[in-house]
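Visitor: Contents of upload_2.cif (mmCIF, C-alpha atoms and all ligand atoms) are given next:
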data_run
#
loop_
_atom_site.label_atom_id
_atom_site.label_comp_id
_atom_site.auth_asym_id
_atom_site.auth_seq_id
_atom_site.Cartn_x
_atom_site.Cartn_y
_atom_site.Cartn_z
CA MET A 1 -11.53 18.18 -6.12
CA LYS A 2 -11.56 14.66 -4.69
CA ASN A 3 -11.30 13.81 -0.99
CA ILE A 4 -8.50 11.30 -0.60
CA VAL A 5 -7.77 9.44 2.64
CA ILE A 6 -4.25 8.02 2.76
CA ILE A 7 -3.41 5.75 5.65
CA GLY A 8 0.38 5.86 5.81
CA GLY A 9 1.27 9.01 3.90
CA SER A 10 4.06 10.16 6.23
CA LYS A 11 6.75 8.31 4.26
CA GLY A 12 7.38 5.73 1.56
CA ILE A 13 4.90 4.96 -1.20
CA GLY A 14 2.04 6.65 0.66
CA ASN A 15 4.06 9.85 0.91
CA ALA A 16 4.80 9.76 -2.82
CA ILE A 17 1.05 9.41 -3.49
CA LEU A 18 0.32 12.25 -1.07
CA LEU A 19 2.82 14.56 -2.79
CA GLN A 20 1.41 13.73 -6.24
CA GLN A 21 -2.20 14.32 -5.10
CA LEU A 22 -1.86 17.47 -2.99
CA GLU A 23 -1.99 20.07 -5.75
CA THR A 24 -5.29 18.87 -7.19
CA ASN A 25 -7.16 17.19 -4.34
CA LEU A 26 -7.89 17.37 -0.63
CA VAL A 27 -5.75 14.82 1.18
CA TYR A 28 -6.40 13.45 4.67
CA ASN A 29 -3.34 11.61 5.99
CA ILE A 30 -3.50 9.16 8.87
CA SER A 31 -0.21 7.90 10.32
CA ARG A 32 1.65 7.92 13.62
CA ASN A 33 4.05 10.64 12.43
CA ALA A 34 3.18 13.70 10.37
CA PRO A 35 4.44 14.04 6.79
CA GLU A 36 7.28 16.55 6.47
CA ILE A 37 5.24 18.77 4.17
CA THR A 38 2.46 21.13 5.20
CA HIS A 39 -0.04 22.32 2.57
CA PRO A 40 -3.46 24.01 2.57
CA ASN A 41 -4.96 20.86 0.97
CA LEU A 42 -3.47 18.52 3.60
CA THR A 43 -5.06 17.49 6.91
CA HIS A 44 -3.00 15.18 9.12
CA PHE A 45 -4.23 12.93 11.94
CA SER A 46 -1.58 11.37 14.21
CA ILE A 47 -3.08 7.95 14.79
CA ASN A 48 -1.92 4.36 15.18
CA VAL A 49 -4.37 2.56 12.95
CA LEU A 50 -4.17 -0.64 15.01
CA GLU A 51 -4.72 0.97 18.40
CA GLU A 52 -6.82 4.10 18.02
CA ALA A 53 -10.18 5.00 16.53
CA LEU A 54 -10.01 6.39 13.01
CA PRO A 55 -11.21 10.00 12.64
CA GLU A 56 -14.59 11.00 11.26
CA ILE A 57 -14.17 12.45 7.76
CA GLU A 58 -17.31 13.82 6.17
CA ASN A 59 -16.50 13.27 2.48
CA VAL A 60 -14.31 10.46 1.19
CA ASP A 61 -13.94 9.53 -2.48
CA THR A 62 -10.77 7.47 -2.23
CA LEU A 63 -9.16 5.31 0.44
CA ILE A 64 -5.54 4.17 0.14
CA TYR A 65 -4.12 1.87 2.82
CA CYS A 66 -0.30 1.75 2.86
CA PRO A 67 0.95 0.28 6.18
CA GLY A 68 2.78 -3.00 5.75
CA SER A 69 5.73 -5.04 6.93
CA ILE A 70 8.82 -6.89 5.74
CA ASN A 71 9.62 -9.58 8.26
CA LEU A 72 11.87 -12.11 6.57
CA LYS A 73 12.84 -15.17 8.61
CA PRO A 74 12.99 -18.93 8.16
CA ILE A 75 9.79 -20.63 9.27
CA SER A 76 11.61 -22.12 12.28
CA SER A 77 12.35 -18.58 13.54
CA LEU A 78 8.94 -17.08 12.85
CA SER A 79 6.78 -16.98 15.96
CA ILE A 80 3.01 -17.21 15.93
CA ASP A 81 3.07 -13.57 17.05
CA ASP A 82 5.08 -12.68 13.92
CA PHE A 83 2.28 -14.14 11.80
CA LYS A 84 -0.37 -12.37 13.90
CA ASN A 85 1.46 -9.03 13.76
CA ASP A 86 1.94 -9.18 10.00
CA PHE A 87 -1.72 -10.11 9.54
CA GLU A 88 -2.80 -7.25 11.84
CA ILE A 89 -0.94 -4.47 10.05
CA ASN A 90 -1.47 -5.72 6.50
CA VAL A 91 -5.03 -7.09 6.65
CA ILE A 92 -6.86 -6.12 9.83
CA GLY A 93 -5.75 -2.47 9.60
CA ALA A 94 -7.06 -2.34 6.05
CA VAL A 95 -10.34 -3.98 7.06
CA ARG A 96 -10.79 -1.48 9.91
CA ALA A 97 -10.19 1.43 7.53
CA ILE A 98 -12.57 0.05 4.91
CA GLN A 99 -15.31 -0.61 7.48
CA LYS A 100 -14.88 2.87 8.94
CA TYR A 101 -15.08 4.77 5.66
CA LEU A 102 -17.44 2.53 3.68
CA PRO A 103 -20.58 4.57 4.50
CA VAL A 104 -18.97 7.82 3.29
CA LEU A 105 -17.24 6.13 0.35
CA ARG A 106 -20.64 4.89 -0.84
CA LYS A 107 -21.68 8.53 -1.23
CA GLY A 108 -18.39 9.55 -2.89
CA THR A 109 -17.59 10.51 -6.48
CA ASP A 110 -16.21 7.54 -8.46
CA PRO A 111 -15.24 5.96 -5.12
CA SER A 112 -12.33 3.57 -4.99
CA ILE A 113 -9.93 1.81 -2.63
CA VAL A 114 -6.28 0.84 -3.19
CA LEU A 115 -4.47 -1.72 -1.01
CA PHE A 116 -0.92 -3.07 -1.21
CA SER A 117 0.20 -6.65 -1.71
CA THR A 118 3.71 -7.81 -2.71
CA VAL A 119 5.28 -9.92 -5.45
CA ALA A 120 5.92 -12.49 -2.70
CA ALA A 121 2.23 -13.40 -2.67
CA LYS A 122 2.68 -14.91 -6.17
CA LEU A 123 6.39 -15.77 -6.33
CA GLY A 124 7.57 -18.30 -3.77
CA MET A 125 10.63 -16.91 -2.03
CA PRO A 126 12.38 -18.34 1.03
CA PHE A 127 11.83 -16.54 4.35
CA HIS A 128 8.65 -14.77 3.14
CA ALA A 129 6.16 -17.16 4.80
CA SER A 130 4.60 -14.61 7.14
CA ILE A 131 4.39 -11.63 4.79
CA ALA A 132 3.29 -13.79 1.84
CA THR A 133 0.50 -15.25 3.99
CA ALA A 134 -0.67 -11.81 5.10
CA LYS A 135 -0.54 -10.31 1.59
CA ALA A 136 -2.41 -13.31 0.17
CA GLY A 137 -5.09 -12.18 2.63
CA VAL A 138 -4.98 -8.68 1.14
CA GLU A 139 -5.42 -10.15 -2.35
CA GLY A 140 -8.37 -12.26 -1.18
CA LEU A 141 -9.94 -9.18 0.36
CA VAL A 142 -9.61 -7.30 -2.93
CA LYS A 143 -11.25 -10.10 -4.91
CA SER A 144 -14.10 -10.59 -2.48
CA LEU A 145 -14.86 -6.91 -1.86
CA GLY A 146 -14.47 -6.16 -5.56
CA ALA A 147 -17.49 -8.38 -6.15
CA GLU A 148 -19.40 -7.27 -3.07
CA LEU A 149 -19.06 -3.56 -3.82
CA ALA A 150 -19.06 -3.93 -7.61
CA SER A 151 -21.67 -1.43 -8.66
CA VAL A 152 -20.57 1.29 -6.24
CA ILE A 153 -16.93 1.16 -5.11
CA ARG A 154 -13.88 -0.09 -6.98
CA ILE A 155 -11.07 -1.83 -5.07
CA ASN A 156 -7.68 -2.87 -6.41
CA ALA A 157 -4.26 -3.79 -5.09
CA ILE A 158 -0.75 -3.07 -6.25
CA ALA A 159 1.83 -5.82 -5.71
CA PRO A 160 5.23 -4.16 -5.92
CA THR A 161 8.63 -5.74 -5.95
CA ILE A 162 11.27 -4.16 -3.74
CA THR A 163 10.72 -0.41 -3.50
CA GLU A 164 13.24 2.12 -2.21
CA THR A 165 11.56 3.16 1.07
CA THR A 166 12.48 2.95 4.75
CA LEU A 167 10.55 -0.33 4.94
CA ALA A 168 13.03 -1.87 2.52
CA ALA A 169 16.11 -0.06 3.86
CA GLY A 170 17.55 -3.25 5.40
CA ILE A 171 17.42 -5.06 2.04
CA LEU A 172 19.01 -2.14 0.16
CA ARG A 173 21.50 -1.06 2.81
CA ASN A 174 24.65 -0.89 0.68
CA ASP A 175 25.70 -0.58 -2.97
CA ARG A 176 26.39 -4.30 -3.33
CA MET A 177 22.89 -5.22 -2.11
CA LYS A 178 21.40 -2.65 -4.48
CA GLU A 179 23.38 -4.04 -7.44
CA ASN A 180 22.32 -7.61 -6.54
CA MET A 181 18.70 -6.49 -6.39
CA VAL A 182 18.94 -4.90 -9.85
CA GLU A 183 20.52 -8.10 -11.23
CA ARG A 184 17.82 -10.37 -9.71
CA HIS A 185 15.14 -8.64 -11.78
CA PRO A 186 14.86 -9.62 -15.49
CA MET A 187 14.13 -5.97 -16.35
CA LYS A 188 17.18 -4.87 -14.33
CA GLY A 189 15.85 -2.53 -11.73
CA TYR A 190 13.70 -2.07 -8.67
CA LEU A 191 11.02 0.44 -7.82
CA LYS A 192 11.11 4.03 -6.70
CA PRO A 193 8.09 5.06 -4.59
CA GLU A 194 7.06 7.58 -7.27
CA GLU A 195 6.59 4.77 -9.83
CA VAL A 196 4.25 2.92 -7.48
CA ALA A 197 2.44 6.18 -6.66
CA ALA A 198 1.82 6.74 -10.37
CA MET A 199 0.05 3.36 -10.57
CA ALA A 200 -2.05 4.20 -7.50
CA ASN A 201 -2.94 7.55 -9.05
CA PHE A 202 -4.10 5.79 -12.21
CA LEU A 203 -6.17 3.24 -10.26
CA ILE A 204 -8.04 5.95 -8.35
CA SER A 205 -8.64 8.02 -11.49
CA GLU A 206 -11.66 8.00 -13.80
CA ASN A 207 -9.44 6.36 -16.42
CA ALA A 208 -9.58 3.17 -14.34
CA LYS A 209 -13.36 3.13 -14.00
CA SER A 210 -13.55 -0.34 -15.66
CA ILE A 211 -11.03 -1.86 -13.26
CA SER A 212 -11.86 -3.51 -9.93
CA GLY A 213 -10.95 -6.64 -7.99
CA GLN A 214 -7.51 -6.77 -9.60
CA VAL A 215 -3.96 -7.07 -8.36
CA PHE A 216 -1.31 -5.29 -10.39
CA GLU A 217 2.21 -6.67 -10.27
CA MET A 218 4.90 -4.00 -10.57
CA ASP A 219 7.69 -6.50 -10.73
CA TYR A 220 10.55 -5.50 -13.07
CA GLY A 221 9.85 -8.95 -14.51
CA ILE A 222 10.67 -10.98 -11.39
CA VAL A 223 7.26 -12.69 -11.28
CA THR A 224 6.48 -12.54 -14.99
CA PHE A 225 9.68 -13.61 -16.75
CA LYS A 226 12.25 -16.40 -16.50
CA ILE A 227 15.17 -15.50 -18.77
N1 LIG B 301 8.95 -1.13 0.16
C1 LIG B 301 8.90 -2.31 -0.43
O1 LIG B 301 9.93 -2.86 -0.86
C2 LIG B 301 7.59 -3.01 -0.62
C3 LIG B 301 7.57 -4.17 -1.39
C4 LIG B 301 6.36 -4.84 -1.54
C5 LIG B 301 5.22 -4.36 -0.95
N2 LIG B 301 5.27 -3.22 -0.20
C6 LIG B 301 4.04 -2.77 0.43
O2 LIG B 301 3.75 -1.44 0.04
C7 LIG B 301 3.12 -0.75 1.13
C8 LIG B 301 3.84 0.55 1.40
O3 LIG B 301 5.17 0.23 1.75
P1 LIG B 301 6.28 1.34 2.08
O4 LIG B 301 7.59 0.75 1.71
O5 LIG B 301 5.88 2.65 1.55
O6 LIG B 301 6.18 1.37 3.69
P2 LIG B 301 6.78 2.45 4.73
O7 LIG B 301 7.86 3.24 4.10
O8 LIG B 301 7.05 1.68 5.97
O9 LIG B 301 5.52 3.42 4.98
C9 LIG B 301 4.41 2.89 5.65
C10 LIG B 301 3.47 4.00 6.04
O10 LIG B 301 2.45 3.45 6.88
C11 LIG B 301 2.41 4.15 8.13
N3 LIG B 301 2.12 3.23 9.20
C12 LIG B 301 2.78 2.08 9.53
N4 LIG B 301 2.24 1.51 10.61
C13 LIG B 301 1.21 2.30 10.98
C14 LIG B 301 0.26 2.26 12.04
N5 LIG B 301 0.26 1.27 12.95
N6 LIG B 301 -0.67 3.25 12.13
C15 LIG B 301 -0.68 4.26 11.24
N7 LIG B 301 0.19 4.37 10.23
C16 LIG B 301 1.12 3.39 10.10
C17 LIG B 301 3.80 4.76 8.26
O11 LIG B 301 3.74 5.96 9.01
P3 LIG B 301 4.19 6.13 10.54
O12 LIG B 301 5.43 5.32 10.74
O13 LIG B 301 4.35 7.61 10.65
O14 LIG B 301 3.02 5.62 11.34
C18 LIG B 301 4.12 5.13 6.82
O15 LIG B 301 3.53 6.36 6.48
C19 LIG B 301 3.12 -1.74 2.30
O16 LIG B 301 1.87 -2.35 2.42
C20 LIG B 301 4.17 -2.75 1.94
O17 LIG B 301 3.92 -4.02 2.50
C21 LIG B 301 6.42 -2.53 -0.04
#
Have the structure of the file written as structure tokens, please.
Ligand SMILES: NC(=O)c1ccc[n+]([C@@H]2O[C@H](COP(=O)([O-])OP(=O)(O)OC[C@H]3O[C@@H](n4cnc5c(N)ncnc54)[C@H](OP(=O)(O)O)[C@@H]3O)[C@@H](O)[C@H]2O)c1
Guide:
Amino acid sequence: MKNIVIIGGSKGIGNAILLQQLETNLVYNISRNAPEITHPNLTHFSINVLEEALPEIENVDTLIYCPGSINLKPISSLSIDDFKNDFEINVIGAVRAIQKYLPVLRKGTDPSIVLFSTVAAKLGMPFHASIATAKAGVEGLVKSLGAELASVIRINAIAPTITETTLAAGILRNDRMKENMVERHPMKGYLKPEEVAAMANFLISENAKSISGQVFEMDYGIVTFKI
């Protein structure tokens, strides 16, 4: 059984990972709200990762950091605080978690870390200046730490396109917006959290032991294809 720390497993993609991992592994969830499910393999800590100390956890094999933001505004409307806040939750929170659990991860079994970027770090889209900047930071962190931790800990990121979670609820708030979103993607669709969770589960598995320092686009073709 692996010891898996999920920061942000109360809902969204993190919750889908949590649900897929619970039967076979011990899961430690850290988020402000508790996940709906209770399970003998689940320990929950109610913590704001930006404001409170992270809990001591004796054994950690895997760290998955899920908190993020979607703050879409024209550059003229984005405040400096918007940029700072997006950087805090997407990058600094991840750095705090990595620094906290690095000593125990080093002693873990096939230890690995998964972070989240976005397709907007590669594909220029209007109104994404703040989130694209922050997620570019996440991708830089993955590259740099991939090298620094190479012989011991693997670290990768997933860069999803729009995913049906509460974070994206404003962009998918009615049928017309959902249909438009499907049409915008060359492969005609957008993500369900379970699809992204399946990629995270692969990246933390032994099957991915050759893979580190990489960013995986899950894009329904929006970054990859022009057709
Ligand atoms: N959804 C998308 O369309 C999409 C697209 C591209 C990239 N992404 C990225 O994918 C990742 C996951 O997104 P998601 O849609 O699953 O997000 P979500 O539904 O908002 O879930 C985020 C999770 O993080 C926790 N969290 C947020 N702020 C926190 C804080 N300060 N302290 C502790 N926990 C905190 C939330 O729990 P509490 O609220 O209980 O604290 C929740 O469990 C993010 O990094 C996001 O940027 C998402």
Visitor: Could you work out an axis-aligned box for segment 25-39 of chain A, taking every atom the file lists and adding 5 Å on each side, and report centre and edge lengths in Å to one decimal, as JSON?
Guide:
{"center_x": -0.3, "center_y": 15.1, "center_z": 4.6, "size_x": 25.2, "size_y": 24.4, "size_z": 28.0}
Visitor: Between A:Ser112, A:Ser130, A:Thr163, A:Asn85, which is the closest to ligand LIG 301 (chain B) once you count all atoms listed in the file?
Guide: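 Of A:Ser112, A:Ser130, A:Thr163, A:Asn85, the one nearest ligand LIG 301 (chain B) is A:Thr163, counting all atoms listed in the file.
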Visitor: One decimal, Å: what's the distance from atom CA of Leu63 of chain A over to atom CA of Asp82 of chain A, could you say?
Guide: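 Computing the Euclidean distance for atom CA of Leu63 of chain A and atom CA of Asp82 of chain A yields 26.6 Å.
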Visitor: Here is a test: counting only C-alpha atoms, which residue of A:Ala136, A:Leu172, A:Ile57, A:Met187 is nearest to Leu123 of chain A?
Guide: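 Checking each candidate against Leu123 of chain A, we get A:Ala136 as the closest.
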Visitor: Provide the atom CA of Ile75 of chain A to atom C6 of ligand LIG 301 (chain B) distance in Å, to one decimal place.
Guide: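 Going from atom CA of Ile75 of chain A over to atom C6 of ligand LIG 301 (chain B) covers 20.7 Å.
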